[in-house]
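Next comes structure.txt, a file with compact mmCIF, C-alpha atoms.
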```txt
# COMPACT_ATOMS: atom_id res chain seq x y z
CA MET M 1 90.52 94.30 102.91
CA PHE M 2 91.08 97.93 103.79
CA GLN M 3 89.58 100.91 102.06
CA SER M 4 92.43 103.08 100.86
CA ILE M 5 92.43 106.58 102.28
CA ARG M 6 95.18 108.72 100.83
CA ILE M 7 97.16 110.77 103.31
CA GLN M 8 96.79 114.42 102.34
CA LYS M 9 99.02 117.29 103.31
CA GLY M 10 98.11 120.46 105.13
CA PRO M 11 96.81 121.20 108.63
CA VAL M 12 96.49 118.14 110.81
CA VAL M 13 93.04 116.78 111.55
CA ALA M 14 93.89 113.14 112.37
CA LEU M 15 92.76 111.78 115.70
CA LEU M 16 96.21 110.46 116.52
CA ILE M 17 98.32 113.33 115.20
CA LEU M 18 97.30 116.64 116.72
CA VAL M 19 99.98 119.16 115.87
CA SER M 20 99.73 122.19 113.62
CA ALA M 21 101.67 122.70 110.44
CA CYS M 22 103.56 125.57 112.02
CA GLU M 23 105.27 123.17 114.45
CA ARG M 24 107.40 121.65 111.71
CA ASP M 25 109.23 122.80 108.62
CA GLN M 26 107.45 120.44 106.25
CA ASP M 27 103.83 119.55 105.66
CA VAL M 28 102.31 116.80 107.76
CA PRO M 29 99.69 114.14 106.98
CA THR M 30 96.12 114.73 107.97
CA ALA M 31 94.46 111.32 107.69
CA ASP M 32 94.62 108.58 110.28
CA VAL M 33 96.71 105.93 108.52
CA GLU M 34 95.34 103.31 110.89
CA SER M 35 92.25 103.48 108.67
CA ASN M 36 94.42 101.60 106.20
CA GLY M 37 95.46 98.94 108.68
CA LEU M 38 98.88 100.46 109.38
CA SER M 39 99.98 101.06 112.96
CA ALA M 40 102.98 101.05 115.28
CA LEU M 41 104.25 97.95 117.00
CA PRO M 42 103.49 97.54 120.71
CA THR M 43 106.21 98.76 123.03
CA SER M 44 106.66 95.30 124.55
CA PRO M 45 105.85 91.69 123.60
CA VAL M 46 102.94 89.70 125.02
CA TYR M 47 103.70 86.38 126.71
CA PRO M 48 101.44 83.34 126.92
CA SER M 49 100.10 82.59 130.40
CA THR M 50 101.83 79.21 130.25
CA ASN M 51 105.27 80.73 129.68
CA ALA M 52 105.71 83.97 131.58
CA TYR M 53 108.90 85.98 131.20
CA SER M 54 111.76 85.71 133.67
CA GLN M 55 115.35 86.88 133.37
CA ALA M 56 116.59 83.41 134.28
CA LYS M 57 114.50 81.85 131.50
CA PHE M 58 115.79 84.44 129.06
CA ASP M 59 119.40 83.71 130.06
CA LEU M 60 118.84 79.98 129.58
CA GLY M 61 117.22 80.64 126.21
CA ARG M 62 120.17 82.70 125.04
CA ALA M 63 122.59 79.95 126.02
CA LEU M 64 120.54 77.31 124.20
CA PHE M 65 120.09 79.53 121.14
CA TRP M 66 123.85 79.78 120.68
CA ASP M 67 124.79 76.25 121.79
CA PRO M 68 125.25 73.61 119.05
CA ILE M 69 124.52 70.91 121.61
CA LEU M 70 120.93 71.13 120.33
CA SER M 71 122.00 69.65 116.99
CA GLY M 72 122.50 65.99 116.24
CA ASN M 73 126.14 66.46 115.20
CA ASN M 74 126.96 69.23 117.71
CA ASP M 75 127.84 71.53 114.79
CA VAL M 76 124.77 73.73 114.26
CA ALA M 77 123.04 76.13 116.64
CA CYS M 78 119.88 78.19 116.19
CA ALA M 79 122.24 81.15 115.75
CA THR M 80 123.95 79.50 112.78
CA CYS M 81 121.04 80.53 110.56
CA HIS M 82 119.69 83.34 112.78
CA HIS M 83 122.69 85.52 113.47
CA PRO M 84 122.60 89.17 114.60
CA ASP M 85 125.17 90.12 111.95
CA PHE M 86 122.46 89.36 109.38
CA GLY M 87 119.47 90.71 111.27
CA TYR M 88 118.91 87.31 112.91
CA SER M 89 118.71 85.71 109.49
CA ASP M 90 121.72 84.43 107.54
CA GLY M 91 122.00 86.58 104.41
CA ARG M 92 121.65 83.55 102.14
CA GLN M 93 119.05 82.66 99.53
CA LEU M 94 118.68 79.19 101.05
CA SER M 95 120.07 78.29 104.44
CA SER M 96 122.96 75.87 104.95
CA GLY M 97 122.52 73.51 107.88
CA VAL M 98 124.33 70.46 109.26
CA ASN M 99 127.90 69.70 108.18
CA GLY M 100 128.49 73.26 106.98
CA ASN M 101 131.30 75.64 107.85
CA GLY M 102 131.31 79.41 107.95
CA LEU M 103 128.73 82.11 108.48
CA GLY M 104 126.12 83.62 106.21
CA PRO M 105 126.83 83.83 102.47
CA ALA M 106 130.38 82.55 103.10
CA ARG M 107 129.11 79.28 104.59
CA THR M 108 130.05 76.19 102.56
CA GLY M 109 129.47 72.46 102.52
CA GLY M 110 126.29 72.27 104.56
CA ALA M 111 123.04 70.49 103.84
CA LEU M 112 120.82 72.78 101.79
CA VAL M 113 117.61 73.91 103.45
CA LYS M 114 114.91 74.54 100.86
CA ARG M 115 113.76 77.92 102.20
CA ASN M 116 115.18 81.29 103.09
CA SER M 117 115.80 81.76 106.81
CA PRO M 118 113.22 84.16 108.29
CA THR M 119 114.45 86.68 110.81
CA VAL M 120 113.81 86.14 114.50
CA ILE M 121 113.40 89.89 115.04
CA ASN M 122 109.82 90.81 116.03
CA THR M 123 108.50 87.26 115.79
CA ALA M 124 107.08 88.07 119.21
CA PHE M 125 104.44 90.00 117.28
CA ASN M 126 103.52 87.35 114.71
CA GLY M 127 99.78 87.14 114.22
CA ILE M 128 99.12 90.66 115.49
CA ASN M 129 96.11 92.25 113.80
CA GLU M 130 95.38 95.82 112.68
CA LEU M 131 94.13 96.70 116.17
CA GLY M 132 97.36 95.57 117.79
CA VAL M 133 95.76 92.45 119.28
CA SER M 134 97.64 89.16 119.24
CA ASN M 135 97.56 85.75 120.87
CA PRO M 136 101.08 84.43 121.44
CA SER M 137 99.73 80.91 121.88
CA THR M 138 98.37 80.79 118.33
CA ALA M 139 100.88 83.01 116.51
CA PRO M 140 101.61 81.63 113.00
CA MET M 141 105.21 80.59 112.32
CA PHE M 142 107.34 79.58 109.33
CA TRP M 143 106.78 80.37 105.66
CA ASP M 144 103.93 77.85 105.56
CA ASN M 145 102.24 78.65 108.93
CA ARG M 146 102.81 75.05 110.00
CA ALA M 147 103.37 75.93 113.66
CA GLU M 148 101.49 78.09 116.12
CA SER M 149 103.44 79.98 118.82
CA LEU M 150 107.13 80.57 119.28
CA GLU M 151 107.13 77.67 121.74
CA ALA M 152 106.04 75.30 118.97
CA GLN M 153 108.38 76.84 116.41
CA ALA M 154 111.50 76.81 118.58
CA ILE M 155 112.09 73.07 118.52
CA LEU M 156 110.86 72.08 115.07
CA PRO M 157 114.23 72.82 113.38
CA LEU M 158 115.71 70.17 115.69
CA LEU M 159 113.68 67.57 113.78
CA SER M 160 114.94 68.58 110.35
CA ALA M 161 117.76 66.45 108.94
CA GLU M 162 118.99 69.40 106.88
CA GLU M 163 118.70 72.09 109.53
CA MET M 164 119.92 70.61 112.82
CA ARG M 165 119.26 66.86 113.26
CA GLY M 166 121.57 65.35 110.68
CA ASP M 167 121.30 61.79 109.37
CA ASP M 168 122.63 59.76 112.30
CA ILE M 169 119.68 60.07 114.68
CA PRO M 170 116.09 59.13 113.73
CA GLU M 171 113.57 61.93 113.84
CA ASN M 172 111.51 60.20 116.53
CA GLU M 173 114.55 59.98 118.80
CA ILE M 174 116.16 63.39 118.44
CA TYR M 175 114.28 65.15 121.24
CA ASP M 176 115.20 62.45 123.75
CA HIS M 177 118.75 62.46 122.45
CA ILE M 178 119.08 66.21 123.02
CA VAL M 179 117.62 66.02 126.52
CA GLN M 180 120.01 63.20 127.38
CA LYS M 181 122.95 65.29 126.17
CA LEU M 182 121.86 68.25 128.28
CA VAL M 183 121.40 66.07 131.37
CA ALA M 184 124.74 64.30 130.91
CA LEU M 185 126.55 67.58 130.50
CA GLY M 186 125.62 68.82 133.96
CA ALA M 187 126.41 72.43 133.13
CA TYR M 188 122.77 73.20 132.35
CA GLU M 189 121.29 71.92 135.63
CA MET M 190 121.64 75.22 137.51
CA LEU M 191 120.34 77.21 134.53
CA PHE M 192 117.18 75.07 134.40
CA GLN M 193 116.90 75.27 138.21
CA ASN M 194 116.99 79.06 138.09
CA ALA M 195 114.57 79.27 135.18
CA PHE M 196 111.96 76.74 136.30
CA GLY M 197 112.40 76.18 140.02
CA ASN M 198 113.94 72.74 139.67
CA ASP M 199 116.59 71.13 137.52
CA LEU M 200 114.28 68.94 135.42
CA ILE M 201 115.39 69.15 131.78
CA SER M 202 112.74 68.46 129.14
CA ILE M 203 112.20 69.37 125.53
CA GLU M 204 109.16 71.44 126.57
CA ARG M 205 111.36 73.52 128.85
CA VAL M 206 113.92 73.89 126.08
CA ALA M 207 111.11 75.28 123.91
CA ASP M 208 109.93 77.64 126.66
CA ALA M 209 113.42 79.03 127.21
CA LEU M 210 114.23 79.43 123.51
CA SER M 211 110.94 81.20 122.84
CA THR M 212 111.47 83.51 125.82
CA PHE M 213 114.80 84.60 124.38
CA GLN M 214 113.40 85.02 120.88
CA ARG M 215 110.39 86.95 122.15
CA GLU M 216 112.73 89.62 123.50
CA ILE M 217 114.50 90.19 120.15
CA VAL M 218 112.42 93.16 119.11
CA ALA M 219 112.98 96.23 116.95
CA ASN M 220 109.87 98.31 117.51
CA ASP M 221 111.09 101.90 117.35
CA SER M 222 111.53 102.61 113.64
CA PRO M 223 110.87 106.09 112.25
CA PHE M 224 107.45 104.81 111.18
CA ASP M 225 106.68 103.66 114.75
CA GLU M 226 107.73 107.04 116.13
CA TYR M 227 105.56 108.76 113.54
CA MET M 228 102.53 106.66 114.38
CA ARG M 229 103.01 107.39 118.09
CA GLY M 230 102.73 111.10 117.42
CA ASN M 231 106.17 112.36 116.36
CA THR M 232 105.23 113.89 113.02
CA ASN M 233 108.86 114.83 112.35
CA ALA M 234 109.92 111.19 112.32
CA LEU M 235 109.15 110.79 108.59
CA ASN M 236 110.29 113.14 105.85
CA ASN M 237 108.25 114.18 102.83
CA GLN M 238 109.66 111.42 100.62
CA GLU M 239 108.79 108.75 103.17
CA ILE M 240 105.29 110.14 103.58
CA GLU M 241 104.79 110.13 99.81
CA GLY M 242 106.07 106.57 99.76
CA MET M 243 103.53 105.63 102.41
CA ASN M 244 100.79 107.26 100.34
CA THR M 245 101.87 105.26 97.30
CA PHE M 246 102.18 102.04 99.31
CA ILE M 247 98.56 102.44 100.39
CA ASP M 248 97.20 103.70 97.07
CA VAL M 249 98.55 100.91 94.89
CA GLY M 250 97.20 98.21 97.23
CA CYS M 251 100.29 96.96 99.07
CA ALA M 252 98.50 97.46 102.40
CA ASN M 253 95.80 94.98 101.42
CA CYS M 254 98.16 92.17 102.45
CA HIS M 255 101.04 93.99 104.13
CA SER M 256 98.90 95.41 106.90
CA GLY M 257 98.88 95.78 110.65
CA PRO M 258 101.85 96.60 112.89
CA MET M 259 103.94 93.83 111.32
CA PHE M 260 102.92 94.73 107.75
CA SER M 261 101.59 91.21 107.20
CA ASP M 262 98.17 89.63 107.16
CA PHE M 263 99.91 86.30 108.02
CA GLU M 264 97.85 84.60 105.32
CA LEU M 265 99.00 82.21 102.59
CA HIS M 266 99.12 83.59 99.04
CA THR M 267 100.17 82.21 95.67
CA LEU M 268 102.42 84.73 93.91
CA SER M 269 104.36 82.80 91.23
CA VAL M 270 107.79 83.64 92.65
CA PRO M 271 110.39 82.12 90.29
CA GLU M 272 111.67 78.76 91.49
CA HIS M 273 115.16 78.55 92.93
CA PRO M 274 117.44 76.68 90.48
CA LEU M 275 118.46 74.22 93.21
CA VAL M 276 115.07 73.33 94.67
CA GLU M 277 111.38 73.35 93.79
CA ASP M 278 109.03 74.26 96.61
CA GLU M 279 105.27 73.73 96.27
CA GLY M 280 104.47 75.77 99.35
CA ALA M 281 102.08 75.18 102.21
CA THR M 282 99.28 73.35 100.36
CA GLY M 283 100.89 72.38 97.08
CA ASN M 284 99.69 75.58 95.39
CA PHE M 285 103.04 77.40 95.66
CA ASP M 286 101.51 79.43 98.46
CA PHE M 287 103.49 81.09 101.21
CA ARG M 288 102.79 83.41 104.11
CA THR M 289 102.93 87.16 103.63
CA PRO M 290 106.28 88.19 105.15
CA SER M 291 106.73 91.15 107.44
CA LEU M 292 108.27 94.23 105.82
CA ARG M 293 110.16 95.33 108.92
CA ASN M 294 113.95 95.60 108.95
CA LEU M 295 114.23 94.65 105.29
CA ALA M 296 117.54 96.50 105.03
CA LEU M 297 119.07 93.86 107.33
CA THR M 298 117.29 90.68 106.33
CA GLY M 299 117.69 90.14 102.57
CA PRO M 300 117.60 88.33 100.25
CA TYR M 301 113.84 88.22 99.93
CA MET M 302 110.90 85.85 99.35
CA HIS M 303 110.58 82.27 100.58
CA ASN M 304 113.50 81.09 98.46
CA GLY M 305 115.62 84.24 98.54
CA ARG M 306 115.25 84.74 94.78
CA PHE M 307 115.45 88.52 94.99
CA ASN M 308 118.56 90.19 96.34
CA GLN M 309 117.29 93.79 96.30
CA LEU M 310 114.03 95.47 97.27
CA ARG M 311 113.85 96.86 93.76
CA ASP M 312 113.84 93.30 92.41
CA VAL M 313 110.87 92.47 94.65
CA LEU M 314 108.87 95.49 93.54
CA GLU M 315 109.64 94.89 89.89
CA PHE M 316 108.36 91.34 90.35
CA TYR M 317 105.10 92.69 91.78
CA ASN M 318 104.92 95.15 88.91
CA ASP M 319 105.12 92.22 86.48
CA ILE M 320 102.29 90.24 88.10
CA SER M 321 100.01 93.22 88.79
CA GLY M 322 97.57 95.04 86.59
CA GLY M 323 94.59 92.75 86.29
CA ASN M 324 95.22 89.29 84.91
CA GLY M 325 98.73 88.72 86.24
CA ASP M 326 101.81 87.55 84.41
CA SER M 327 103.12 84.44 86.14
CA GLN M 328 106.86 84.23 86.76
CA ASN M 329 106.70 80.54 87.72
CA PRO M 330 105.86 77.87 85.09
CA ASN M 331 104.04 75.87 87.79
CA VAL M 332 101.56 78.68 88.43
CA ASN M 333 98.98 79.82 85.90
CA ASP M 334 98.21 83.51 85.59
CA ASN M 335 94.73 83.02 87.03
CA GLU M 336 96.16 81.17 90.05
CA ILE M 337 98.07 84.22 91.28
CA ALA M 338 96.41 85.73 94.35
CA GLN M 339 93.79 88.28 93.36
CA GLU M 340 95.31 90.84 95.73
CA ALA M 341 98.57 90.70 93.77
CA ARG M 342 96.84 90.85 90.39
CA ASP M 343 94.81 93.85 91.54
CA LEU M 344 97.85 95.91 92.50
CA ASP M 345 97.87 99.23 90.68
CA LEU M 346 101.65 99.41 90.53
CA ASP M 347 103.94 100.84 87.89
CA GLY M 348 107.66 101.39 87.62
CA GLY M 349 107.39 105.00 88.70
CA ASP M 350 106.07 103.95 92.12
CA ILE M 351 109.06 101.82 93.05
CA ASN M 352 111.44 104.51 94.32
CA GLU M 353 108.73 106.09 96.46
CA ILE M 354 107.75 102.79 98.05
CA ILE M 355 111.38 101.91 98.81
CA GLN M 356 111.75 105.25 100.60
CA PHE M 357 108.85 104.27 102.85
CA LEU M 358 110.05 100.70 103.41
CA ASN M 359 113.38 102.04 104.64
CA ALA M 360 111.48 103.95 107.33
CA LEU M 361 110.43 100.57 108.78
CA ASN M 362 114.01 99.76 109.78
CA ASP M 363 115.12 99.80 113.41
CA GLU M 364 118.65 98.58 114.04
CA ASP M 365 118.44 98.92 117.82
CA PHE M 366 117.97 95.30 118.88
CA ASP M 367 119.83 92.81 121.07
CA ARG M 368 123.00 91.83 119.22
CA GLU M 369 124.87 90.24 122.12
CA ILE M 370 126.96 87.18 121.28
CA PRO M 371 128.04 85.13 124.31
CA GLN M 372 131.73 84.47 124.79
CA SER M 373 131.03 80.81 125.53
CA VAL M 374 128.18 78.33 125.90
CA PRO M 375 127.69 75.76 128.69
CA SER M 376 128.63 72.79 126.49
CA GLY M 377 132.02 74.25 125.68
CA LEU M 378 131.30 73.77 121.97
CA PRO M 379 131.98 76.57 119.46
CA VAL M 380 129.56 79.44 120.02
CA GLY M 381 126.98 79.41 117.21
CA GLY M 382 128.26 76.12 115.78
CA ASN M 383 130.88 75.81 113.06
CA ILE M 384 130.63 79.39 111.86
CA ASN M 385 134.23 80.59 112.14
```
Turn this file's structure into structure tokens for me.
Amino acid sequence: MFQSIRIQKGPVVALLILVSACERDQDVPTADVESNGLSALPTSPVYPSTNAYSQAKFDLGRALFWDPILSGNNDVACATCHHPDFGYSDGRQLSSGVNGNGLGPARTGGALVKRNSPTVINTAFNGINELGVSNPSTAPMFWDNRAESLEAQAILPLLSAEEMRGDDIPENEIYDHIVQKLVALGAYEMLFQNAFGNDLISIERVADALSTFQREIVANDSPFDEYMRGNTNALNNQEIEGMNTFIDVGCANCHSGPMFSDFELHTLSVPEHPLVEDEGATGNFDFRTPSLRNLALTGPYMHNGRFNQLRDVLEFYNDISGGNGDSQNPNVNDNEIAQEARDLDLDGGDINEIIQFLNALNDEDFDREIPQSVPSGLPVGGNIN
């Protein structure tokens, strides 16, 4: 946990922020907010030694990300549920997979996935700690931390009957089936040749290419990042006060580090979705702390999308904070709620201030390119039009 140090106003004495009050029209903070575990994102992602970046691998990954040939029924692509129009999420409470039609909230008829689709943006930084150190080979993925590394994560949705596999192909055959489709197509041979030095197509190489593409989808220049890198004009007074409140009430105890997540599992008693019950990672209704970056683009929120607005999320935390907790899920007792959530010193008057700060974590300057076509000739992004 981090000791809360409130950011005061007046002349600057922080180690990282060395400007005088006369250099700006408003007061500036004086304490090093990194003491509270908050810091800017790195300027570039770190790659594992086993999967170094190359432009050719990125280009292959983009093609695969948008190509529904990776699905059992040739109707769903990674981009179906991770689309740039929705911040590389899908804007739905629960995602809609195979056999669906349409994009985002307008999608109908698909198999229901039991969890909200996390954004791809900044997953390159999953697992990063308060010091900015991360290991891309062990980075935690998914709401339940069931995979380590983007390479491991990239191909797991292919196994899911609801997400991409469908019902016609057994789970233990789907990887071979996809590789056979890619080989038979022929159009991918040169892309794999350019990316890997020969035209061998394997599921491991599919994972390497997909993760290379995803690792480059970053949004790491928000007003908060600029502020933490020394531009004290990047945040206004309201956002600074919101940051103070965020730290003071205890939000930074879990939402810490450059990604504003400790990447740990916590039981919070989020209300169940009316269409599905989800017991979480270990059966204790526990889920990973989500990042707070780009929230303006990636709602609805929580593992099951139960909250459509940031205000709803903060009001939920207000309900379960203040000592003993007040469970919002009949499957979770008050004393089973994570202590960090019960210990929050939050009240309704803090909500507007915190939202002001959370909005300063948004950066809309990320790769939004949608290819005109994919090598298979199938509809780009699957059946989304």
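Among M:Arg342, M:His266, M:Ala106, M:Asp168, the residue with the shortest atom-to-atom distance to Asp90 in chain M, counting all atoms listed in the file, is M:Ala106.
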For this session: Excluding Gly186 in chain M and any residue of its chain fewer than 2 positions from it, enumerate the residues within 12 Å of it, using only C-alpha atoms, and give them as a PyMOL selection string.
Result: chain M and resi 179-184+188-193+199-201+375-377
So that each row is one residue of range 62-179 of chain M with an atom at most 9 Å from range 253-260 of chain M, can you give its shortest atom pair and the distance in Å to one decimal, using only C-alpha atoms, rows by chain and rising number, as a Markdown table?
```
| residue | atom | partner | partner_atom | distance |
| --- | --- | --- | --- | --- |
| M:Asn122 | CA | M:Met259 | CA | 8.1 |
| M:Phe125 | CA | M:Met259 | CA | 7.1 |
| M:Asn126 | CA | M:Met259 | CA | 7.3 |
| M:Gly127 | CA | M:Met259 | CA | 8.4 |
| M:Ile128 | CA | M:Pro258 | CA | 7.0 |
| M:Asn129 | CA | M:Gly257 | CA | 5.5 |
| M:Glu130 | CA | M:Gly257 | CA | 4.0 |
| M:Leu131 | CA | M:Gly257 | CA | 7.3 |
| M:Gly132 | CA | M:Pro258 | CA | 6.7 |
```
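Around range 107-115 of chain M, within 7 Å and counting only C-alpha atoms, the residues found are Leu94, Ser95, Ser96, Gly97, Val98, Asn99, Gly100, Asn101, Gly102, Leu103, Glu162, Glu163, Val276, His303 and Asn304 of chain M, once anything fewer than 4 positions away on its own chain is removed.
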Exercise. Looking at M:Met243, M:Ala152, M:Leu38, M:Ala360, which one is nearest to Ala296 in chain M, with distances taken over all atoms listed in the file?
Worked result: M:Ala360
Problem set entry | Cut-off 9 Å around (98.6, 90.1, 95.1) with all atoms listed in the file: residues as a ChimeraX atom specification | /M:250-251,253-254,266-268,317,320-321,325,337-344
Problem set entry | Contacts of range 347-355 of chain M at 12 Å (all atoms listed in the file; same-chain gap of 2+ positions) as a PyMOL selection string | chain M and resi 236-252+292+295-296+309-322+344-345+357-362
Exercise. Nearest to Pro45 in chain M: which of M:Glu216, M:Glu173, M:Asp367, M:Asp85 is it, counting all atoms listed in the file?
Worked result: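 Smallest separation from Pro45 in chain M among the options: M:Glu216.
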Exercise. Which one is closest to Leu378 in chain M: M:Ala77, M:Leu150, M:Ala219, M:Leu210? Count only C-alpha atoms.
Worked result: M:Ala77
Exercise. If we count only C-alpha atoms, what is near Ala52 in chain M at a cut-off of 10 Å, once residues fewer than 5 positions away on the same chain are taken out, given as a PyMOL selection string?
Worked result: chain M and resi 46-47+57+208+212
Interface rows for range 138-248 of chain M against range 277-284 of chain M: nearest pair, Å to one decimal, 12 Å, only C-alpha atoms, as CSV:
```
residue,atom,partner,partner_atom,distance
M:Met141,CA,M:Ala281,CA,11.9
M:Phe142,CA,M:Ala281,CA,9.9
M:Trp143,CA,M:Ala281,CA,7.8
M:Asp144,CA,M:Ala281,CA,4.7
M:Asn145,CA,M:Ala281,CA,7.6
M:Arg146,CA,M:Ala281,CA,7.8
M:Ala147,CA,M:Ala281,CA,11.5
```
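Here the question is which of M:Val218, M:Ala209, M:Ile174, M:Leu265 gets nearest to Leu41 in chain M using all atoms listed in the file, and that residue is M:Val218.
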Fix up range 129-140 of chain M with N, CA, C and O atoms, then write it as an mmCIF file, in the frame of the given file.
```cif
data_model
loop_
_atom_site.group_PDB
_atom_site.id
_atom_site.type_symbol
_atom_site.label_atom_id
_atom_site.label_comp_id
_atom_site.auth_asym_id
_atom_site.auth_seq_id
_atom_site.Cartn_x
_atom_site.Cartn_y
_atom_site.Cartn_z
ATOM 1 N N ASN M 129 97.053 91.727 114.787
ATOM 2 C CA ASN M 129 96.110 92.250 113.800
ATOM 3 C C ASN M 129 96.186 93.778 113.730
ATOM 4 O O ASN M 129 96.991 94.413 114.409
ATOM 5 N N GLU M 130 95.322 94.378 112.911
ATOM 6 C CA GLU M 130 95.380 95.820 112.680
ATOM 7 C C GLU M 130 95.097 96.631 113.937
ATOM 8 O O GLU M 130 95.467 97.796 114.039
ATOM 9 N N LEU M 131 94.441 96.007 114.916
ATOM 10 C CA LEU M 131 94.130 96.700 116.170
ATOM 11 C C LEU M 131 95.217 96.511 117.212
ATOM 12 O O LEU M 131 95.091 96.989 118.337
ATOM 13 N N GLY M 132 96.280 95.801 116.843
ATOM 14 C CA GLY M 132 97.360 95.570 117.790
ATOM 15 C C GLY M 132 97.103 94.417 118.730
ATOM 16 O O GLY M 132 97.813 94.259 119.730
ATOM 17 N N VAL M 133 96.117 93.578 118.425
ATOM 18 C CA VAL M 133 95.760 92.450 119.280
ATOM 19 C C VAL M 133 96.421 91.184 118.757
ATOM 20 O O VAL M 133 96.396 90.915 117.549
ATOM 21 N N SER M 134 97.016 90.411 119.653
ATOM 22 C CA SER M 134 97.640 89.160 119.240
ATOM 23 C C SER M 134 97.482 88.115 120.332
ATOM 24 O O SER M 134 97.282 88.447 121.505
ATOM 25 N N ASN M 135 97.594 86.867 119.933
ATOM 26 C CA ASN M 135 97.560 85.750 120.870
ATOM 27 C C ASN M 135 98.843 84.965 120.707
ATOM 28 O O ASN M 135 99.003 84.254 119.712
ATOM 29 N N PRO M 136 99.789 85.094 121.621
ATOM 30 C CA PRO M 136 101.080 84.430 121.440
ATOM 31 C C PRO M 136 100.984 82.917 121.404
ATOM 32 O O PRO M 136 101.907 82.258 120.915
ATOM 33 N N SER M 137 99.889 82.366 121.878
ATOM 34 C CA SER M 137 99.730 80.910 121.880
ATOM 35 C C SER M 137 99.294 80.362 120.527
ATOM 36 O O SER M 137 99.374 79.152 120.293
ATOM 37 N N THR M 138 98.817 81.234 119.655
ATOM 38 C CA THR M 138 98.370 80.790 118.330
ATOM 39 C C THR M 138 99.077 81.546 117.207
ATOM 40 O O THR M 138 98.617 81.520 116.066
ATOM 41 N N ALA M 139 100.181 82.206 117.514
ATOM 42 C CA ALA M 139 100.880 83.010 116.510
ATOM 43 C C ALA M 139 101.426 82.127 115.393
ATOM 44 O O ALA M 139 102.107 81.136 115.654
ATOM 45 N N PRO M 140 101.153 82.452 114.117
ATOM 46 C CA PRO M 140 101.610 81.630 113.000
ATOM 47 C C PRO M 140 103.121 81.760 112.794
ATOM 48 O O PRO M 140 103.690 82.849 112.909
#
```
